[in-house]
Amino acid sequence: MDDMKTLVLVVHPNFESSRINKKWKEAVLSEPDVTVHDLYEKYRNQPIDVEFEQQQLLAHDRIVFQFPLYWYSSPQLLKQWFDEVFTFGWAHGPGGTKLNEKEWVTAMSIGSPEHSYQAGGYNLFSISELTKPFQASANLVGMTYLPSFAEYRANRISDQEIAESANRYVKHITNIELNPKVRLQRYLKQLESVDLKS
């Protein structure tokens, strides 16, 4: 898994107006083993090419869904993409095992401050609670749902903060040990080497 291939699906209907999503995309474009695929750029005015999208998924180990939080969910095109690409018999249902063991990372730009996403906060629910449908979808298609990346106050942060966010974003989505199974395997190997020496 050290040569992990990552697919970043950028899904923003007003991409040019989003300083943070533009910076995130720009930051990952130069990363080795990372493919950036902008869904609105490709499909704003044409049907989704399901076969192409499925081939993209098969060619990568980790799939990153990058989007702004819209009405506590994703932009409409991503929902359409799930409906059309995660087909019965391919991604789920009898014989639908093509995405098994692949990794899912959700990366969101969020307009409100973090403290508003908690019990008693303005939005009442945490981001982990609001992303349960994505977690359930990952589970249905046999993918491993990894910790999300979220940047709050996305419309109000400075250029310096955006640059720092982009650095954290790249480190997060390319971190092999984001997967707890990988961390556990490395930990067990370390224990074995210690036992052999003692």
# chains A, B, ... in the order shown; residues from 1 in each chain; ligands from 1

$ select_by_dssp --residues "range 50-160 of chain A" --states "alpha helix (DSSP H)" --output "PyMOL selection string"
chain A and resi 50-58+76-85+127-130+132-140+159-160

$ write_last_selection --atoms "N, CA and C atoms" --output "tab-separated table (two decimals), in the first residue's frame"
chain	number	residue	atom	x	y	z
A	50	VAL	N	-20.53	6.79	-17.17
A	50	VAL	CA	-20.47	5.83	-16.08
A	50	VAL	C	-19.29	4.88	-16.22
A	51	GLU	N	-19.06	4.36	-17.42
A	51	GLU	CA	-17.95	3.42	-17.62
A	51	GLU	C	-16.61	4.08	-17.30
A	52	PHE	N	-16.42	5.32	-17.75
A	52	PHE	CA	-15.18	6.05	-17.46
A	52	PHE	C	-15.01	6.24	-15.96
A	53	GLU	N	-16.08	6.64	-15.28
A	53	GLU	CA	-16.00	6.87	-13.83
A	53	GLU	C	-15.67	5.58	-13.08
A	54	GLN	N	-16.27	4.50	-13.49
A	54	GLN	CA	-16.00	3.22	-12.83
A	54	GLN	C	-14.56	2.78	-13.05
A	55	GLN	N	-14.04	3.01	-14.25
A	55	GLN	CA	-12.64	2.67	-14.52
A	55	GLN	C	-11.70	3.51	-13.67
A	56	GLN	N	-12.05	4.78	-13.47
A	56	GLN	CA	-11.25	5.65	-12.60
A	56	GLN	C	-11.22	5.09	-11.17
A	57	LEU	N	-12.36	4.66	-10.70
A	57	LEU	CA	-12.43	4.10	-9.35
A	57	LEU	C	-11.59	2.83	-9.23
A	58	LEU	N	-11.67	1.97	-10.23
A	58	LEU	CA	-10.92	0.72	-10.19
A	58	LEU	C	-9.42	0.96	-10.21
A	76	GLN	N	-25.55	18.78	-5.72
A	76	GLN	CA	-26.44	17.85	-6.41
A	76	GLN	C	-25.70	16.90	-7.35
A	77	LEU	N	-24.67	17.38	-8.03
A	77	LEU	CA	-23.98	16.53	-9.01
A	77	LEU	C	-23.33	15.32	-8.36
A	78	LEU	N	-22.87	15.46	-7.12
A	78	LEU	CA	-22.25	14.30	-6.47
A	78	LEU	C	-23.31	13.25	-6.14
A	79	LYS	N	-24.49	13.69	-5.71
A	79	LYS	CA	-25.59	12.74	-5.46
A	79	LYS	C	-25.94	12.02	-6.75
A	80	GLN	N	-26.03	12.75	-7.86
A	80	GLN	CA	-26.31	12.14	-9.16
A	80	GLN	C	-25.21	11.15	-9.54
A	81	TRP	N	-23.97	11.52	-9.26
A	81	TRP	CA	-22.82	10.66	-9.56
A	81	TRP	C	-22.94	9.34	-8.81
A	82	PHE	N	-23.28	9.40	-7.51
A	82	PHE	CA	-23.47	8.18	-6.73
A	82	PHE	C	-24.58	7.33	-7.35
A	83	ASP	N	-25.71	7.96	-7.66
A	83	ASP	CA	-26.86	7.24	-8.21
A	83	ASP	C	-26.50	6.49	-9.49
A	84	GLU	N	-25.67	7.11	-10.33
A	84	GLU	CA	-25.39	6.53	-11.64
A	84	GLU	C	-24.14	5.63	-11.67
A	85	VAL	N	-23.15	5.95	-10.86
A	85	VAL	CA	-21.87	5.22	-10.92
A	85	VAL	C	-21.84	4.01	-10.00
A	127	ILE	N	-20.29	17.28	12.48
A	127	ILE	CA	-20.03	16.89	11.08
A	127	ILE	C	-20.03	15.37	10.96
A	128	SER	N	-19.53	14.67	11.96
A	128	SER	CA	-19.56	13.21	11.92
A	128	SER	C	-21.00	12.70	11.83
A	129	GLU	N	-21.90	13.33	12.57
A	129	GLU	CA	-23.30	12.91	12.50
A	129	GLU	C	-23.91	13.25	11.14
A	130	LEU	N	-23.61	14.43	10.62
A	130	LEU	CA	-24.20	14.86	9.35
A	130	LEU	C	-23.67	14.07	8.16
A	132	LYS	N	-23.20	10.83	8.17
A	132	LYS	CA	-23.61	9.42	8.30
A	132	LYS	C	-24.06	8.81	6.97
A	133	PRO	N	-24.80	9.54	6.11
A	133	PRO	CA	-25.18	8.93	4.82
A	133	PRO	C	-23.97	8.53	3.97
A	134	PHE	N	-22.89	9.32	4.04
A	134	PHE	CA	-21.68	8.95	3.31
A	134	PHE	C	-21.03	7.72	3.93
A	135	GLN	N	-21.02	7.68	5.26
A	135	GLN	CA	-20.46	6.53	5.95
A	135	GLN	C	-21.26	5.27	5.62
A	136	ALA	N	-22.58	5.40	5.59
A	136	ALA	CA	-23.44	4.25	5.26
A	136	ALA	C	-23.22	3.81	3.82
A	137	SER	N	-23.05	4.77	2.92
A	137	SER	CA	-22.81	4.45	1.50
A	137	SER	C	-21.49	3.70	1.34
A	138	ALA	N	-20.44	4.19	2.02
A	138	ALA	CA	-19.14	3.51	1.97
A	138	ALA	C	-19.29	2.07	2.47
A	139	ASN	N	-20.01	1.89	3.55
A	139	ASN	CA	-20.22	0.56	4.11
A	139	ASN	C	-20.95	-0.34	3.13
A	140	LEU	N	-21.98	0.21	2.46
A	140	LEU	CA	-22.78	-0.58	1.52
A	140	LEU	C	-21.94	-1.12	0.37
A	159	ASP	N	-5.85	34.48	3.35
A	159	ASP	CA	-5.07	33.75	2.36
A	159	ASP	C	-4.01	32.88	3.03
A	160	GLN	N	-3.41	33.39	4.10
A	160	GLN	CA	-2.40	32.62	4.84
A	160	GLN	C	-3.03	31.37	5.45

$ residues_around --residues "range 12-26 of chain A" --least-positions-apart "3" --cutoff "9 Å" --atoms "only C-alpha atoms" --output "NGL selection string"
:A and (8 or 29-30 or 36 or 38-41 or 44 or 66-68 or 74-77 or 108-109 or 151 or 154-155 or 157 or 159 or 162-163 or 165-167 or 169-170)

$ atom_distance --atom1 "CA of Ala119 in chain A" --atom2 "CA of Thr131 in chain A"
15.1 Å

$ residues_around --residues "Trp104 in chain A" --least-positions-apart "5" --cutoff "12 Å" --atoms "only C-alpha atoms" --output "ChimeraX atom specification"
/A:6-9,57,60-66,99,134-139,141-149,173,178-179

$ write_last_selection --atoms "N, CA, C and O atoms" --output "short mmCIF file (atom, residue, chain, number, x, y, z; two decimals), in the first residue's frame"
data_model
loop_
_atom_site.label_atom_id
_atom_site.label_comp_id
_atom_site.auth_asym_id
_atom_site.auth_seq_id
_atom_site.Cartn_x
_atom_site.Cartn_y
_atom_site.Cartn_z
N THR A 6 -4.34 7.70 -5.39
CA THR A 6 -5.48 8.45 -4.86
C THR A 6 -6.20 9.21 -5.96
O THR A 6 -5.58 9.86 -6.80
N LEU A 7 -7.53 9.11 -5.94
CA LEU A 7 -8.37 9.86 -6.87
C LEU A 7 -9.11 10.94 -6.07
O LEU A 7 -9.81 10.63 -5.11
N VAL A 8 -8.94 12.20 -6.47
CA VAL A 8 -9.64 13.31 -5.82
C VAL A 8 -10.76 13.76 -6.75
O VAL A 8 -10.50 14.26 -7.86
N LEU A 9 -11.99 13.59 -6.31
CA LEU A 9 -13.15 14.05 -7.06
C LEU A 9 -13.54 15.42 -6.51
O LEU A 9 -14.01 15.53 -5.38
N LEU A 57 -12.36 4.66 -10.70
CA LEU A 57 -12.43 4.10 -9.35
C LEU A 57 -11.59 2.83 -9.23
O LEU A 57 -10.87 2.63 -8.25
N HIS A 60 -7.72 3.29 -8.74
CA HIS A 60 -7.21 3.98 -7.55
C HIS A 60 -7.57 3.24 -6.28
O HIS A 60 -8.55 2.48 -6.24
N ASP A 61 -6.77 3.46 -5.24
CA ASP A 61 -6.97 2.79 -3.96
C ASP A 61 -7.78 3.63 -2.98
O ASP A 61 -8.56 3.11 -2.20
N ARG A 62 -7.55 4.94 -3.02
CA ARG A 62 -8.24 5.86 -2.10
C ARG A 62 -9.01 6.88 -2.93
O ARG A 62 -8.47 7.47 -3.85
N ILE A 63 -10.28 7.08 -2.56
CA ILE A 63 -11.13 8.03 -3.26
C ILE A 63 -11.46 9.18 -2.31
O ILE A 63 -12.00 8.95 -1.22
N VAL A 64 -11.12 10.39 -2.71
CA VAL A 64 -11.38 11.58 -1.91
C VAL A 64 -12.52 12.36 -2.57
O VAL A 64 -12.45 12.68 -3.76
N PHE A 65 -13.56 12.63 -1.80
CA PHE A 65 -14.69 13.42 -2.28
C PHE A 65 -14.56 14.82 -1.70
O PHE A 65 -14.79 15.04 -0.51
N GLN A 66 -14.16 15.78 -2.52
CA GLN A 66 -13.93 17.16 -2.09
C GLN A 66 -15.10 18.03 -2.54
O GLN A 66 -15.36 18.18 -3.73
N LEU A 99 -15.70 -2.29 -5.44
CA LEU A 99 -15.09 -1.25 -4.61
C LEU A 99 -14.64 -1.75 -3.24
O LEU A 99 -14.17 -0.97 -2.41
N PHE A 134 -22.89 9.32 4.04
CA PHE A 134 -21.68 8.95 3.31
C PHE A 134 -21.03 7.72 3.93
O PHE A 134 -20.55 6.82 3.23
N GLN A 135 -21.02 7.68 5.26
CA GLN A 135 -20.46 6.53 5.95
C GLN A 135 -21.26 5.27 5.62
O GLN A 135 -20.68 4.20 5.37
N ALA A 136 -22.58 5.40 5.59
CA ALA A 136 -23.44 4.25 5.26
C ALA A 136 -23.22 3.81 3.82
O ALA A 136 -23.22 2.61 3.51
N SER A 137 -23.05 4.77 2.92
CA SER A 137 -22.81 4.45 1.50
C SER A 137 -21.49 3.70 1.34
O SER A 137 -21.40 2.72 0.59
N ALA A 138 -20.44 4.19 2.02
CA ALA A 138 -19.14 3.51 1.97
C ALA A 138 -19.29 2.07 2.47
O ALA A 138 -18.74 1.13 1.87
N ASN A 139 -20.01 1.89 3.55
CA ASN A 139 -20.22 0.56 4.11
C ASN A 139 -20.95 -0.34 3.13
O ASN A 139 -20.60 -1.50 2.94
N VAL A 141 -20.99 -0.30 -0.12
CA VAL A 141 -20.18 -0.74 -1.27
C VAL A 141 -18.85 -1.37 -0.84
O VAL A 141 -17.99 -1.63 -1.68
N GLY A 142 -18.68 -1.62 0.45
CA GLY A 142 -17.50 -2.33 0.94
C GLY A 142 -16.24 -1.50 1.04
O GLY A 142 -15.14 -2.05 1.10
N MET A 143 -16.39 -0.16 1.05
CA MET A 143 -15.22 0.70 1.18
C MET A 143 -14.94 0.99 2.67
O MET A 143 -15.83 0.89 3.51
N THR A 144 -13.69 1.34 2.95
CA THR A 144 -13.30 1.70 4.32
C THR A 144 -13.41 3.21 4.46
O THR A 144 -12.72 3.95 3.77
N TYR A 145 -14.30 3.65 5.34
CA TYR A 145 -14.52 5.08 5.55
C TYR A 145 -13.47 5.61 6.52
O TYR A 145 -13.38 5.18 7.66
N LEU A 146 -12.66 6.55 6.05
CA LEU A 146 -11.56 7.10 6.84
C LEU A 146 -11.94 8.46 7.42
O LEU A 146 -12.92 9.07 6.99
N PRO A 147 -11.16 8.98 8.38
CA PRO A 147 -11.48 10.28 8.97
C PRO A 147 -11.59 11.38 7.92
O PRO A 147 -10.78 11.47 7.00
N SER A 148 -12.63 12.19 8.08
CA SER A 148 -12.87 13.29 7.15
C SER A 148 -11.89 14.44 7.37
O SER A 148 -11.27 14.55 8.43
N PHE A 149 -11.80 15.30 6.37
CA PHE A 149 -11.06 16.56 6.49
C PHE A 149 -12.08 17.67 6.35
O PHE A 149 -12.88 17.68 5.41
N ILE A 173 -4.96 13.68 3.08
CA ILE A 173 -5.48 12.74 2.08
C ILE A 173 -4.40 11.81 1.52
O ILE A 173 -4.73 10.78 0.93
N LEU A 178 -3.69 7.01 7.64
CA LEU A 178 -5.04 7.47 7.95
C LEU A 178 -5.95 6.25 8.15
O LEU A 178 -6.92 6.31 8.89
N ASN A 179 -5.59 5.17 7.48
CA ASN A 179 -6.33 3.93 7.62
C ASN A 179 -5.89 3.23 8.90
O ASN A 179 -4.72 2.87 9.04
#

$ select_by_dssp --residues "chain A" --states "strand (DSSP E)" --output "list in words"
Thr6, Leu7, Val8, Leu9, Val10, Val34, Thr35, Val36, His37, Asp38, Arg62, Ile63, Val64, Phe65, Gln66, Phe67, Pro68, Glu103, Trp104, Val105, Thr106, Ala107, Met108, Ser109, Thr144, Tyr145, Phe149, Ala150 and Glu151 of chain A

$ residues_around --residues "Pro32 in chain A" --least-positions-apart "6" --cutoff "10 Å" --atoms "only C-alpha atoms" --output "number ranges by chain"
A: 3-6, 174

$ atom_distance --atom1 "CA of Val11 in chain A" --atom2 "CA of Gly95 in chain A"
28.7 Å
